[in-house]
$ cat final06.pdb   # PDB, C-alpha atoms
ATOM      1  CA  MET E   1      -4.775 -47.338  13.130  1.00  0.00           C
ATOM      2  CA  GLU E   2      -5.219 -43.633  12.377  1.00  0.00           C
ATOM      3  CA  ARG E   3      -3.232 -41.075  14.345  1.00  0.00           C
ATOM      4  CA  PRO E   4      -5.494 -38.611  16.134  1.00  0.00           C
ATOM      5  CA  ALA E   5      -5.374 -35.134  14.591  1.00  0.00           C
ATOM      6  CA  ALA E   6      -2.922 -32.770  16.297  1.00  0.00           C
ATOM      7  CA  ALA E   7      -4.334 -29.907  18.336  1.00  0.00           C
ATOM      8  CA  TRP E   8      -4.086 -26.339  17.066  1.00  0.00           C
ATOM      9  CA  PRO E   9      -1.211 -24.485  18.785  1.00  0.00           C
ATOM     10  CA  SER E  10      -3.261 -21.270  18.632  1.00  0.00           C
ATOM     11  CA  ASP E  11      -7.012 -20.906  19.222  1.00  0.00           C
ATOM     12  CA  GLU E  12      -7.097 -17.679  17.270  1.00  0.00           C
ATOM     13  CA  ILE E  13      -5.609 -19.110  14.082  1.00  0.00           C
ATOM     14  CA  ALA E  14      -7.741 -22.241  14.542  1.00  0.00           C
ATOM     15  CA  GLY E  15     -10.852 -20.093  14.493  1.00  0.00           C
ATOM     16  CA  LEU E  16      -9.676 -18.120  11.464  1.00  0.00           C
ATOM     17  CA  TYR E  17      -8.811 -21.293   9.583  1.00  0.00           C
ATOM     18  CA  GLU E  18     -12.117 -22.979  10.351  1.00  0.00           C
ATOM     19  CA  GLN E  19     -14.116 -19.990   9.210  1.00  0.00           C
ATOM     20  CA  HIS E  20     -12.152 -18.909   6.148  1.00  0.00           C
ATOM     21  CA  GLN E  21     -10.301 -21.938   4.772  1.00  0.00           C
ATOM     22  CA  ARG E  22     -12.722 -22.602   1.920  1.00  0.00           C
ATOM     23  CA  ALA E  23     -12.748 -18.984   0.754  1.00  0.00           C
ATOM     24  CA  ILE E  24      -8.956 -18.700   0.743  1.00  0.00           C
ATOM     25  CA  PHE E  25      -8.367 -22.129  -0.797  1.00  0.00           C
ATOM     26  CA  TYR E  26     -10.917 -21.493  -3.561  1.00  0.00           C
ATOM     27  CA  LEU E  27      -9.357 -18.147  -4.415  1.00  0.00           C
ATOM     28  CA  ALA E  28      -5.888 -19.707  -4.545  1.00  0.00           C
ATOM     29  CA  LEU E  29      -7.118 -22.697  -6.565  1.00  0.00           C
ATOM     30  CA  ARG E  30      -8.903 -20.724  -9.272  1.00  0.00           C
ATOM     31  CA  PHE E  31      -6.401 -17.863  -9.367  1.00  0.00           C
ATOM     32  CA  LEU E  32      -3.314 -20.064  -9.627  1.00  0.00           C
ATOM     33  CA  GLY E  33      -5.025 -22.839 -11.577  1.00  0.00           C
ATOM     34  CA  ASP E  34      -3.144 -25.647  -9.888  1.00  0.00           C
ATOM     35  CA  PRO E  35      -4.359 -27.703  -6.881  1.00  0.00           C
ATOM     36  CA  GLN E  36      -0.875 -28.327  -5.464  1.00  0.00           C
ATOM     37  CA  ARG E  37       0.121 -24.660  -5.714  1.00  0.00           C
ATOM     38  CA  ALA E  38      -3.228 -23.759  -4.152  1.00  0.00           C
ATOM     39  CA  GLU E  39      -2.599 -26.084  -1.205  1.00  0.00           C
ATOM     40  CA  ASP E  40       0.848 -24.597  -0.642  1.00  0.00           C
ATOM     41  CA  ALA E  41      -0.512 -21.066  -0.985  1.00  0.00           C
ATOM     42  CA  THR E  42      -3.349 -21.707   1.493  1.00  0.00           C
ATOM     43  CA  HIS E  43      -0.889 -23.079   4.021  1.00  0.00           C
ATOM     44  CA  ASP E  44       1.468 -20.131   3.512  1.00  0.00           C
ATOM     45  CA  VAL E  45      -1.321 -17.555   3.767  1.00  0.00           C
ATOM     46  CA  PHE E  46      -2.538 -18.823   7.116  1.00  0.00           C
ATOM     47  CA  LEU E  47       1.023 -19.155   8.388  1.00  0.00           C
ATOM     48  CA  LYS E  48       1.627 -15.502   7.453  1.00  0.00           C
ATOM     49  CA  ALA E  49      -1.628 -14.614   9.168  1.00  0.00           C
ATOM     50  CA  PHE E  50      -0.450 -16.370  12.307  1.00  0.00           C
ATOM     51  CA  ARG E  51       2.792 -14.388  12.253  1.00  0.00           C
ATOM     52  CA  LYS E  52       0.908 -11.109  11.720  1.00  0.00           C
ATOM     53  CA  LEU E  53      -1.889 -11.676  14.226  1.00  0.00           C
ATOM     54  CA  ASP E  54      -0.654  -8.892  16.455  1.00  0.00           C
ATOM     55  CA  GLN E  55      -0.832  -6.476  13.492  1.00  0.00           C
ATOM     56  CA  PHE E  56      -4.491  -7.221  12.796  1.00  0.00           C
ATOM     57  CA  ARG E  57      -6.310  -4.478  14.588  1.00  0.00           C
ATOM     58  CA  GLY E  58      -9.830  -5.305  13.417  1.00  0.00           C
ATOM     59  CA  GLU E  59     -10.051  -2.258  11.129  1.00  0.00           C
ATOM     60  CA  SER E  60     -11.199  -4.570   8.368  1.00  0.00           C
ATOM     61  CA  SER E  61     -13.023  -7.870   8.636  1.00  0.00           C
ATOM     62  CA  ALA E  62     -10.913 -10.970   9.152  1.00  0.00           C
ATOM     63  CA  ARG E  63     -12.039 -12.197   5.731  1.00  0.00           C
ATOM     64  CA  THR E  64     -10.767  -9.106   3.893  1.00  0.00           C
ATOM     65  CA  TRP E  65      -7.542  -9.156   5.919  1.00  0.00           C
ATOM     66  CA  LEU E  66      -6.910 -12.753   4.911  1.00  0.00           C
ATOM     67  CA  TYR E  67      -7.846 -12.018   1.308  1.00  0.00           C
ATOM     68  CA  ARG E  68      -5.291  -9.183   1.320  1.00  0.00           C
ATOM     69  CA  ILE E  69      -2.571 -11.619   2.383  1.00  0.00           C
ATOM     70  CA  ALA E  70      -3.775 -14.258  -0.107  1.00  0.00           C
ATOM     71  CA  ILE E  71      -3.954 -11.842  -3.049  1.00  0.00           C
ATOM     72  CA  ASN E  72      -0.451 -10.505  -2.404  1.00  0.00           C
ATOM     73  CA  HIS E  73       0.889 -14.015  -2.019  1.00  0.00           C
ATOM     74  CA  CYS E  74      -0.776 -15.407  -5.152  1.00  0.00           C
ATOM     75  CA  GLN E  75       0.161 -12.385  -7.272  1.00  0.00           C
ATOM     76  CA  ASN E  76       3.801 -12.745  -6.211  1.00  0.00           C
ATOM     77  CA  LEU E  77       3.680 -16.416  -7.159  1.00  0.00           C
ATOM     78  CA  GLN E  78       2.134 -15.602 -10.541  1.00  0.00           C
ATOM     79  CA  GLN E  79       4.682 -12.862 -11.190  1.00  0.00           C
ATOM     80  CA  SER E  80       7.591 -15.246 -10.872  1.00  0.00           C
ATOM     81  CA  TRP E  81       5.699 -17.870 -12.887  1.00  0.00           C
ATOM     82  CA  HIS E  82       4.964 -15.335 -15.655  1.00  0.00           C
ATOM     83  CA  GLN E  83       8.594 -14.473 -15.951  1.00  0.00           C
ATOM     84  CA  ARG E  84       8.984 -18.001 -17.255  1.00  0.00           C
ATOM     85  CA  HIS E  85       5.665 -18.450 -19.078  1.00  0.00           C
ATOM     86  CA  VAL E  86       4.173 -15.403 -20.811  1.00  0.00           C
ATOM     87  CA  MET E  87       0.373 -15.484 -20.901  1.00  0.00           C
ATOM     88  CA  PRO E  88      -1.567 -13.625 -23.621  1.00  0.00           C
ATOM     89  CA  ASN E  89      -4.105 -11.070 -22.462  1.00  0.00           C
ATOM     90  CA  SER E  90      -7.105 -11.309 -24.755  1.00  0.00           C
ATOM     91  CA  ASP E  91      -9.744  -9.486 -22.673  1.00  0.00           C
ATOM     92  CA  ASP E  92     -10.303  -6.564 -25.073  1.00  0.00           C
ATOM     93  CA  ALA E  93     -10.701  -8.672 -28.205  1.00  0.00           C
ATOM     94  CA  ILE E  94     -13.041 -11.089 -26.472  1.00  0.00           C
ATOM     95  CA  TRP E  95     -15.011  -8.238 -24.900  1.00  0.00           C
ATOM     96  CA  GLU E  96     -15.792  -6.913 -28.390  1.00  0.00           C
ATOM     97  CA  GLN E  97     -17.522 -10.212 -29.167  1.00  0.00           C
ATOM     98  CA  ALA E  98     -18.978 -10.768 -25.717  1.00  0.00           C
ATOM     99  CA  ALA E  99     -20.695  -7.393 -25.629  1.00  0.00           C
ATOM    100  CA  LYS E 100     -22.926  -8.480 -28.538  1.00  0.00           C
ATOM    101  CA  THR E 101     -24.290 -11.586 -26.803  1.00  0.00           C
ATOM    102  CA  ASP E 102     -26.143 -12.281 -23.613  1.00  0.00           C
ATOM    103  CA  SER E 103     -26.136 -16.055 -23.334  1.00  0.00           C
ATOM    104  CA  PRO E 104     -26.598 -17.845 -20.048  1.00  0.00           C
ATOM    105  CA  LEU E 105     -23.869 -20.216 -18.928  1.00  0.00           C
ATOM    106  CA  ARG E 106     -24.953 -23.744 -19.731  1.00  0.00           C
ATOM    107  CA  VAL E 107     -23.628 -26.770 -17.919  1.00  0.00           C
ATOM    108  CA  LEU E 108     -24.631 -30.263 -18.959  1.00  0.00           C
ATOM    109  CA  GLU E 109     -21.995 -32.300 -17.144  1.00  0.00           C
ATOM    110  CA  THR E 110     -21.043 -31.085 -13.684  1.00  0.00           C
ATOM    111  CA  LYS E 111     -18.122 -33.497 -13.438  1.00  0.00           C
ATOM    112  CA  GLU E 112     -16.133 -31.448 -15.982  1.00  0.00           C
ATOM    113  CA  LEU E 113     -17.353 -28.145 -14.687  1.00  0.00           C
ATOM    114  CA  GLY E 114     -14.218 -27.369 -12.675  1.00  0.00           C
ATOM    115  CA  GLN E 115     -12.040 -27.960 -15.720  1.00  0.00           C
ATOM    116  CA  ARG E 116     -14.155 -25.675 -17.920  1.00  0.00           C
ATOM    117  CA  ILE E 117     -14.181 -22.958 -15.288  1.00  0.00           C
ATOM    118  CA  GLN E 118     -10.405 -23.129 -14.914  1.00  0.00           C
ATOM    119  CA  GLN E 119      -9.844 -23.050 -18.679  1.00  0.00           C
ATOM    120  CA  THR E 120     -12.041 -19.975 -18.869  1.00  0.00           C
ATOM    121  CA  LEU E 121     -10.389 -18.169 -15.961  1.00  0.00           C
ATOM    122  CA  ASP E 122      -6.930 -18.944 -17.355  1.00  0.00           C
ATOM    123  CA  ARG E 123      -7.828 -17.028 -20.522  1.00  0.00           C
ATOM    124  CA  LEU E 124      -8.796 -13.918 -18.587  1.00  0.00           C
ATOM    125  CA  SER E 125      -6.396 -11.266 -17.343  1.00  0.00           C
ATOM    126  CA  GLU E 126      -5.391 -11.509 -13.697  1.00  0.00           C
ATOM    127  CA  GLU E 127      -7.469  -8.418 -12.997  1.00  0.00           C
ATOM    128  CA  TYR E 128     -10.714  -9.870 -14.366  1.00  0.00           C
ATOM    129  CA  ARG E 129      -9.992 -13.250 -12.808  1.00  0.00           C
ATOM    130  CA  LEU E 130      -9.460 -11.721  -9.389  1.00  0.00           C
ATOM    131  CA  LEU E 131     -12.548  -9.515  -9.591  1.00  0.00           C
ATOM    132  CA  LEU E 132     -14.777 -12.456 -10.506  1.00  0.00           C
ATOM    133  CA  LEU E 133     -13.369 -14.635  -7.747  1.00  0.00           C
ATOM    134  CA  LEU E 134     -13.872 -11.901  -5.167  1.00  0.00           C
ATOM    135  CA  VAL E 135     -17.410 -11.025  -6.231  1.00  0.00           C
ATOM    136  CA  ALA E 136     -18.299 -14.724  -6.077  1.00  0.00           C
ATOM    137  CA  ASP E 137     -17.758 -14.464  -2.308  1.00  0.00           C
ATOM    138  CA  GLU E 138     -21.102 -13.202  -1.051  1.00  0.00           C
ATOM    139  CA  GLU E 139     -19.500 -11.966   2.163  1.00  0.00           C
ATOM    140  CA  LEU E 140     -17.636  -9.221   0.275  1.00  0.00           C
ATOM    141  CA  SER E 141     -19.274  -5.944  -0.685  1.00  0.00           C
ATOM    142  CA  TYR E 142     -18.262  -3.981  -3.788  1.00  0.00           C
ATOM    143  CA  GLU E 143     -16.629  -1.458  -1.445  1.00  0.00           C
ATOM    144  CA  GLN E 144     -14.514  -4.151   0.172  1.00  0.00           C
ATOM    145  CA  ILE E 145     -13.563  -5.516  -3.254  1.00  0.00           C
ATOM    146  CA  GLY E 146     -12.562  -2.016  -4.276  1.00  0.00           C
ATOM    147  CA  VAL E 147     -10.295  -1.724  -1.255  1.00  0.00           C
ATOM    148  CA  LEU E 148      -8.728  -5.106  -1.982  1.00  0.00           C
ATOM    149  CA  VAL E 149      -7.959  -4.304  -5.627  1.00  0.00           C
ATOM    150  CA  GLY E 150      -7.123  -0.637  -5.015  1.00  0.00           C
ATOM    151  CA  GLN E 151      -9.941   0.806  -7.138  1.00  0.00           C
ATOM    152  CA  SER E 152     -13.117   2.815  -6.622  1.00  0.00           C
ATOM    153  CA  THR E 153     -16.456   1.054  -6.248  1.00  0.00           C
ATOM    154  CA  ASP E 154     -17.627   2.486  -9.578  1.00  0.00           C
ATOM    155  CA  ALA E 155     -14.510   1.204 -11.329  1.00  0.00           C
ATOM    156  CA  VAL E 156     -15.095  -2.226  -9.794  1.00  0.00           C
ATOM    157  CA  ARG E 157     -18.735  -2.258 -11.004  1.00  0.00           C
ATOM    158  CA  GLY E 158     -17.731  -1.297 -14.536  1.00  0.00           C
ATOM    159  CA  LYS E 159     -14.918  -3.816 -14.774  1.00  0.00           C
ATOM    160  CA  LEU E 160     -17.070  -6.555 -13.290  1.00  0.00           C
ATOM    161  CA  HIS E 161     -19.692  -5.981 -15.971  1.00  0.00           C
ATOM    162  CA  ARG E 162     -17.057  -6.546 -18.667  1.00  0.00           C
ATOM    163  CA  ALA E 163     -15.466  -9.426 -16.779  1.00  0.00           C
ATOM    164  CA  ARG E 164     -18.809 -11.256 -16.471  1.00  0.00           C
ATOM    165  CA  LYS E 165     -19.576 -10.845 -20.181  1.00  0.00           C
ATOM    166  CA  THR E 166     -16.092 -11.936 -21.200  1.00  0.00           C
ATOM    167  CA  PHE E 167     -16.237 -14.944 -18.892  1.00  0.00           C
ATOM    168  CA  ALA E 168     -19.629 -16.019 -20.290  1.00  0.00           C
ATOM    169  CA  ALA E 169     -18.445 -15.749 -23.882  1.00  0.00           C
ATOM    170  CA  LEU E 170     -15.312 -17.785 -23.172  1.00  0.00           C
ATOM    171  CA  PHE E 171     -17.099 -20.331 -20.988  1.00  0.00           C
ATOM    172  CA  ASN E 172     -19.666 -21.166 -23.658  1.00  0.00           C
ATOM    173  CA  GLN E 173     -16.786 -21.812 -26.066  1.00  0.00           C
ATOM    174  CA  THR E 174     -15.476 -24.570 -23.799  1.00  0.00           C
ATOM    175  CA  ALA E 175     -18.619 -26.716 -24.175  1.00  0.00           C
TER
ATOM    176  CA  MET J 176     -65.601 -46.327 -28.280  1.00  0.00           C
ATOM    177  CA  LYS J 177     -62.761 -46.730 -30.725  1.00  0.00           C
ATOM    178  CA  GLN J 178     -62.468 -42.920 -31.187  1.00  0.00           C
ATOM    179  CA  ARG J 179     -62.340 -42.333 -27.446  1.00  0.00           C
ATOM    180  CA  SER J 180     -59.498 -44.833 -27.008  1.00  0.00           C
ATOM    181  CA  LYS J 181     -57.539 -43.145 -29.898  1.00  0.00           C
ATOM    182  CA  LEU J 182     -57.803 -39.735 -28.179  1.00  0.00           C
ATOM    183  CA  THR J 183     -56.647 -41.235 -24.925  1.00  0.00           C
ATOM    184  CA  GLN J 184     -53.637 -42.755 -26.715  1.00  0.00           C
ATOM    185  CA  GLU J 185     -52.686 -39.352 -28.217  1.00  0.00           C
ATOM    186  CA  GLN J 186     -53.041 -37.676 -24.874  1.00  0.00           C
ATOM    187  CA  THR J 187     -50.857 -40.334 -23.324  1.00  0.00           C
ATOM    188  CA  GLN J 188     -48.175 -39.816 -25.975  1.00  0.00           C
ATOM    189  CA  ASN J 189     -48.216 -36.043 -25.352  1.00  0.00           C
ATOM    190  CA  VAL J 190     -47.791 -36.529 -21.659  1.00  0.00           C
ATOM    191  CA  GLU J 191     -44.851 -38.899 -22.239  1.00  0.00           C
ATOM    192  CA  GLN J 192     -43.231 -36.466 -24.659  1.00  0.00           C
ATOM    193  CA  ASP J 193     -43.555 -33.603 -22.171  1.00  0.00           C
ATOM    194  CA  ALA J 194     -42.005 -35.752 -19.457  1.00  0.00           C
ATOM    195  CA  ARG J 195     -39.023 -36.617 -21.684  1.00  0.00           C
ATOM    196  CA  GLN J 196     -38.446 -32.950 -22.524  1.00  0.00           C
ATOM    197  CA  GLU J 197     -38.608 -31.953 -18.872  1.00  0.00           C
ATOM    198  CA  SER J 198     -36.091 -34.631 -17.957  1.00  0.00           C
ATOM    199  CA  ARG J 199     -33.670 -33.335 -20.645  1.00  0.00           C
ATOM    200  CA  GLN J 200     -33.959 -29.803 -19.250  1.00  0.00           C
ATOM    201  CA  GLU J 201     -33.315 -31.051 -15.701  1.00  0.00           C
ATOM    202  CA  ALA J 202     -30.183 -32.905 -16.855  1.00  0.00           C
ATOM    203  CA  GLY J 203     -28.436 -29.570 -17.603  1.00  0.00           C
ATOM    204  CA  GLN J 204     -28.128 -26.400 -15.596  1.00  0.00           C
ATOM    205  CA  GLU J 205     -28.076 -22.772 -16.564  1.00  0.00           C
ATOM    206  CA  PHE J 206     -26.438 -19.984 -14.626  1.00  0.00           C
ATOM    207  CA  GLY J 207     -27.335 -16.386 -15.211  1.00  0.00           C
ATOM    208  CA  THR J 208     -23.937 -14.935 -14.329  1.00  0.00           C
ATOM    209  CA  ALA J 209     -20.346 -15.957 -13.754  1.00  0.00           C
ATOM    210  CA  ASP J 210     -20.874 -15.119 -10.062  1.00  0.00           C
ATOM    211  CA  GLU J 211     -23.553 -17.811  -9.709  1.00  0.00           C
ATOM    212  CA  LEU J 212     -21.440 -20.354 -11.556  1.00  0.00           C
ATOM    213  CA  LEU J 213     -18.358 -19.673  -9.433  1.00  0.00           C
ATOM    214  CA  ARG J 214     -20.405 -19.822  -6.217  1.00  0.00           C
ATOM    215  CA  PHE J 215     -21.748 -23.212  -7.288  1.00  0.00           C
ATOM    216  CA  ASP J 216     -18.191 -24.321  -8.081  1.00  0.00           C
ATOM    217  CA  ALA J 217     -16.927 -23.064  -4.714  1.00  0.00           C
ATOM    218  CA  VAL J 218     -19.560 -25.057  -2.841  1.00  0.00           C
ATOM    219  CA  GLN J 219     -18.460 -28.197  -4.722  1.00  0.00           C
ATOM    220  CA  THR J 220     -14.807 -27.582  -3.820  1.00  0.00           C
ATOM    221  CA  THR J 221     -13.399 -29.471  -0.850  1.00  0.00           C
ATOM    222  CA  VAL J 222     -10.421 -28.133   1.052  1.00  0.00           C
ATOM    223  CA  PRO J 223      -7.875 -30.976   1.423  1.00  0.00           C
ATOM    224  CA  PRO J 224      -7.804 -31.817   5.151  1.00  0.00           C
ATOM    225  CA  HIS J 225      -4.029 -32.338   5.209  1.00  0.00           C
ATOM    226  CA  ILE J 226      -3.499 -28.579   4.790  1.00  0.00           C
ATOM    227  CA  ALA J 227      -4.730 -28.128   8.366  1.00  0.00           C
ATOM    228  CA  GLU J 228      -2.346 -30.781   9.690  1.00  0.00           C
ATOM    229  CA  ARG J 229       0.554 -29.252   7.811  1.00  0.00           C
ATOM    230  CA  LEU J 230      -0.339 -25.804   9.120  1.00  0.00           C
ATOM    231  CA  LYS J 231      -0.573 -26.997  12.720  1.00  0.00           C
ATOM    232  CA  GLU J 232       2.904 -28.460  12.435  1.00  0.00           C
ATOM    233  CA  SER J 233       4.331 -25.316  10.846  1.00  0.00           C
ATOM    234  CA  ILE J 234       2.816 -23.115  13.550  1.00  0.00           C
ATOM    235  CA  ALA J 235       4.081 -25.428  16.289  1.00  0.00           C
ATOM    236  CA  ASN J 236       7.592 -25.173  14.806  1.00  0.00           C
ATOM    237  CA  ALA J 237       7.423 -21.442  14.123  1.00  0.00           C
ATOM    238  CA  ALA J 238       8.861 -18.850  16.451  1.00  0.00           C
ATOM    239  CA  PRO J 239       6.089 -17.236  18.501  1.00  0.00           C
ATOM    240  CA  PRO J 240       4.713 -14.028  16.957  1.00  0.00           C
ATOM    241  CA  PRO J 241       6.545 -10.939  18.263  1.00  0.00           C
ATOM    242  CA  ARG J 242       4.845  -9.315  21.249  1.00  0.00           C
ATOM    243  CA  ARG J 243       4.164  -5.627  21.018  1.00  0.00           C
ATOM    244  CA  SER J 244       6.084  -3.531  23.502  1.00  0.00           C
ATOM    245  CA  TRP J 245       4.170  -2.502  26.644  1.00  0.00           C
ATOM    246  CA  TRP J 246       3.800   1.124  25.509  1.00  0.00           C
ATOM    247  CA  HIS J 247       2.402   0.003  22.142  1.00  0.00           C
ATOM    248  CA  ARG J 248      -0.153  -2.054  24.005  1.00  0.00           C
ATOM    249  CA  LEU J 249      -0.901   0.856  26.356  1.00  0.00           C
ATOM    250  CA  LEU J 250      -1.484   3.236  23.452  1.00  0.00           C
ATOM    251  CA  GLY J 251      -3.510   0.619  21.627  1.00  0.00           C
ATOM    252  CA  GLN J 252      -1.083   0.547  18.660  1.00  0.00           C
TER
END
$ encode --input "final06.pdb" --output "structure tokens"
Amino acid sequence: MERPAAAWPSDEIAGLYEQHQRAIFYLALRFLGDPQRAEDATHDVFLKAFRKLDQFRGESSARTWLYRIAINHCQNLQQSWHQRHVMPNSDDAIWEQAAKTDSPLRVLETKELGQRIQQTLDRLSEEYRLLLLLVADEELSYEQIGVLVGQSTDAVRGKLHRARKTFAALFNQTA
Amino acid sequence: MKQRSKLTQEQTQNVEQDARQESRQEAGQEFGTADELLRFDAVQTTVPPHIAERLKESIANAAPPPRRSWWHRLLGQ
């Protein structure tokens, strides 16, 4: 017999979790590249949010506030991971090739799509990876993305253009 | 009569060939940008339900969030 689900101890965090769980989990999953680490990170992000609820003054949207916590958390996790496993940054070399092509992203088998996406994101720098994951969230404007990554809107637009091209070139190599 | 039936057969073969080609195109998908692809991927991604249960437990066991002092609340800080 299944145990009934426990009630939320806080209505406020319950509401935040219900509304933003997918966005935060997806960011953690594709940024960290590991489902278990993503689960732990999602849990930790919302727990931090609970502890900081009194500091959230509504100056930004709840989504950007949670993303701020999630980005800091995931980057800290990656920093300690990178100290043990150095990842090559090949954005510039790949961009040279990517700039010459304009191929669409073709998917024949959706069941392996997640794997191909992760392989592609893993080959990008953290900066490009983060920008692409944030722009994929239609609730975020370029201005909000700029605030989250600490760059101007114009810089975000320019880097996103390169990130998209680089992603496409790498993704089509995984087929 | 014979000629008319031959034309009909050719037309039928063309229609069948077009249908096969269309079905091959439908089997794959194309995305114009990485944004579209990632959005599609995000929609397919399920959040494991046990994260919520784990979080509820952690919050229940956590110390309550610190209350702001009365003068912070008065000044709206």
$ closest_residue --input "final06.pdb" --among "E:Asp122, E:Asp34, E:Glu127, E:Glu139" --to "Ser61 (chain E)" --atoms "only C-alpha atoms"
E:Glu139
$ residues_around --input "final06.pdb" --residues "Asp154 (chain E)" --least-positions-apart "6" --cutoff "12 Å" --atoms "all atoms listed in the file" --output "PyMOL selection string"
chain E and resi 142-143+145-147+160-161
$ atom_distance --input "final06.pdb" --atom1 "CA of Pro223 (chain J)" --atom2 "CA of Ile69 (chain E)"
20.1 Å
$ interface_residues --input "final06.pdb" --of "chain J" --to "chain E" --cutoff "8 Å" --atoms "all atoms listed in the file" --output "PyMOL selection string"
chain J and resi 202-214+216-217+220-223+226-231+233-235+239-243
$ write_last_selection --input "final06.pdb" --atoms "C-alpha atoms" --output "PDB file, in the frame of the given file"
ATOM      1  CA  ALA J 202     -30.183 -32.905 -16.855  1.00  0.00           C
ATOM      2  CA  GLY J 203     -28.436 -29.570 -17.603  1.00  0.00           C
ATOM      3  CA  GLN J 204     -28.128 -26.400 -15.596  1.00  0.00           C
ATOM      4  CA  GLU J 205     -28.076 -22.772 -16.564  1.00  0.00           C
ATOM      5  CA  PHE J 206     -26.438 -19.984 -14.626  1.00  0.00           C
ATOM      6  CA  GLY J 207     -27.335 -16.386 -15.211  1.00  0.00           C
ATOM      7  CA  THR J 208     -23.937 -14.935 -14.329  1.00  0.00           C
ATOM      8  CA  ALA J 209     -20.346 -15.957 -13.754  1.00  0.00           C
ATOM      9  CA  ASP J 210     -20.874 -15.119 -10.062  1.00  0.00           C
ATOM     10  CA  GLU J 211     -23.553 -17.811  -9.709  1.00  0.00           C
ATOM     11  CA  LEU J 212     -21.440 -20.354 -11.556  1.00  0.00           C
ATOM     12  CA  LEU J 213     -18.358 -19.673  -9.433  1.00  0.00           C
ATOM     13  CA  ARG J 214     -20.405 -19.822  -6.217  1.00  0.00           C
ATOM     14  CA  ASP J 216     -18.191 -24.321  -8.081  1.00  0.00           C
ATOM     15  CA  ALA J 217     -16.927 -23.064  -4.714  1.00  0.00           C
ATOM     16  CA  THR J 220     -14.807 -27.582  -3.820  1.00  0.00           C
ATOM     17  CA  THR J 221     -13.399 -29.471  -0.850  1.00  0.00           C
ATOM     18  CA  VAL J 222     -10.421 -28.133   1.052  1.00  0.00           C
ATOM     19  CA  PRO J 223      -7.875 -30.976   1.423  1.00  0.00           C
ATOM     20  CA  ILE J 226      -3.499 -28.579   4.790  1.00  0.00           C
ATOM     21  CA  ALA J 227      -4.730 -28.128   8.366  1.00  0.00           C
ATOM     22  CA  GLU J 228      -2.346 -30.781   9.690  1.00  0.00           C
ATOM     23  CA  ARG J 229       0.554 -29.252   7.811  1.00  0.00           C
ATOM     24  CA  LEU J 230      -0.339 -25.804   9.120  1.00  0.00           C
ATOM     25  CA  LYS J 231      -0.573 -26.997  12.720  1.00  0.00           C
ATOM     26  CA  SER J 233       4.331 -25.316  10.846  1.00  0.00           C
ATOM     27  CA  ILE J 234       2.816 -23.115  13.550  1.00  0.00           C
ATOM     28  CA  ALA J 235       4.081 -25.428  16.289  1.00  0.00           C
ATOM     29  CA  PRO J 239       6.089 -17.236  18.501  1.00  0.00           C
ATOM     30  CA  PRO J 240       4.713 -14.028  16.957  1.00  0.00           C
ATOM     31  CA  PRO J 241       6.545 -10.939  18.263  1.00  0.00           C
ATOM     32  CA  ARG J 242       4.845  -9.315  21.249  1.00  0.00           C
ATOM     33  CA  ARG J 243       4.164  -5.627  21.018  1.00  0.00           C
TER      34      ARG J 243
END
$ atom_distance --input "final06.pdb" --atom1 "CA of Leu148 (chain E)" --atom2 "CA of Phe215 (chain J)"
22.9 Å
$ atom_distance --input "final06.pdb" --atom1 "CA of Ala70 (chain E)" --atom2 "CA of Gln36 (chain E)"
15.3 Å
$ axis_aligned_box --input "final06.pdb" --around "region 7-13 of chain E" --padding-each-side "3 Å" --output "lines of an AutoDock Vina configuration file"
center_x = -4.2
center_y = -23.8
center_z = 16.7
size_x = 11.9
size_y = 18.2
size_z = 11.1
$ resolve_selection --input "final06.pdb" --expression "the PyMOL selection byres ((chain E and resi 74-76) around 9)" --output "number ranges by chain"
E: 28, 31-32, 38, 41, 69-73, 77-81, 126
$ build_atoms --input "final06.pdb" --residues "region 4-10 of chain E" --atoms "N, CA, C and O atoms" --output "PDB file, in the frame of the given file"
ATOM      1  N   PRO E   4      -4.528 -39.691  15.886  1.00  0.00           N
ATOM      2  CA  PRO E   4      -5.494 -38.611  16.134  1.00  0.00           C
ATOM      3  C   PRO E   4      -4.923 -37.307  15.587  1.00  0.00           C
ATOM      4  O   PRO E   4      -3.716 -37.088  15.578  1.00  0.00           O
ATOM      5  N   ALA E   5      -5.823 -36.411  15.141  1.00  0.00           N
ATOM      6  CA  ALA E   5      -5.374 -35.134  14.591  1.00  0.00           C
ATOM      7  C   ALA E   5      -4.712 -34.316  15.691  1.00  0.00           C
ATOM      8  O   ALA E   5      -5.160 -34.318  16.838  1.00  0.00           O
ATOM      9  N   ALA E   6      -3.629 -33.595  15.322  1.00  0.00           N
ATOM     10  CA  ALA E   6      -2.922 -32.770  16.297  1.00  0.00           C
ATOM     11  C   ALA E   6      -3.799 -31.593  16.683  1.00  0.00           C
ATOM     12  O   ALA E   6      -4.645 -31.141  15.910  1.00  0.00           O
ATOM     13  N   ALA E   7      -3.566 -31.069  17.889  1.00  0.00           N
ATOM     14  CA  ALA E   7      -4.334 -29.907  18.336  1.00  0.00           C
ATOM     15  C   ALA E   7      -3.754 -28.654  17.689  1.00  0.00           C
ATOM     16  O   ALA E   7      -2.584 -28.615  17.311  1.00  0.00           O
ATOM     17  N   TRP E   8      -4.567 -27.616  17.588  1.00  0.00           N
ATOM     18  CA  TRP E   8      -4.086 -26.339  17.066  1.00  0.00           C
ATOM     19  C   TRP E   8      -3.243 -25.661  18.155  1.00  0.00           C
ATOM     20  O   TRP E   8      -3.675 -25.550  19.289  1.00  0.00           O
ATOM     21  N   PRO E   9      -2.046 -25.181  17.787  1.00  0.00           N
ATOM     22  CA  PRO E   9      -1.211 -24.485  18.785  1.00  0.00           C
ATOM     23  C   PRO E   9      -1.781 -23.112  19.164  1.00  0.00           C
ATOM     24  O   PRO E   9      -1.357 -22.520  20.141  1.00  0.00           O
ATOM     25  N   SER E  10      -2.716 -22.615  18.357  1.00  0.00           N
ATOM     26  CA  SER E  10      -3.261 -21.270  18.632  1.00  0.00           C
ATOM     27  C   SER E  10      -4.763 -21.287  18.382  1.00  0.00           C
ATOM     28  O   SER E  10      -5.211 -21.628  17.295  1.00  0.00           O
TER      29      SER E  10
END
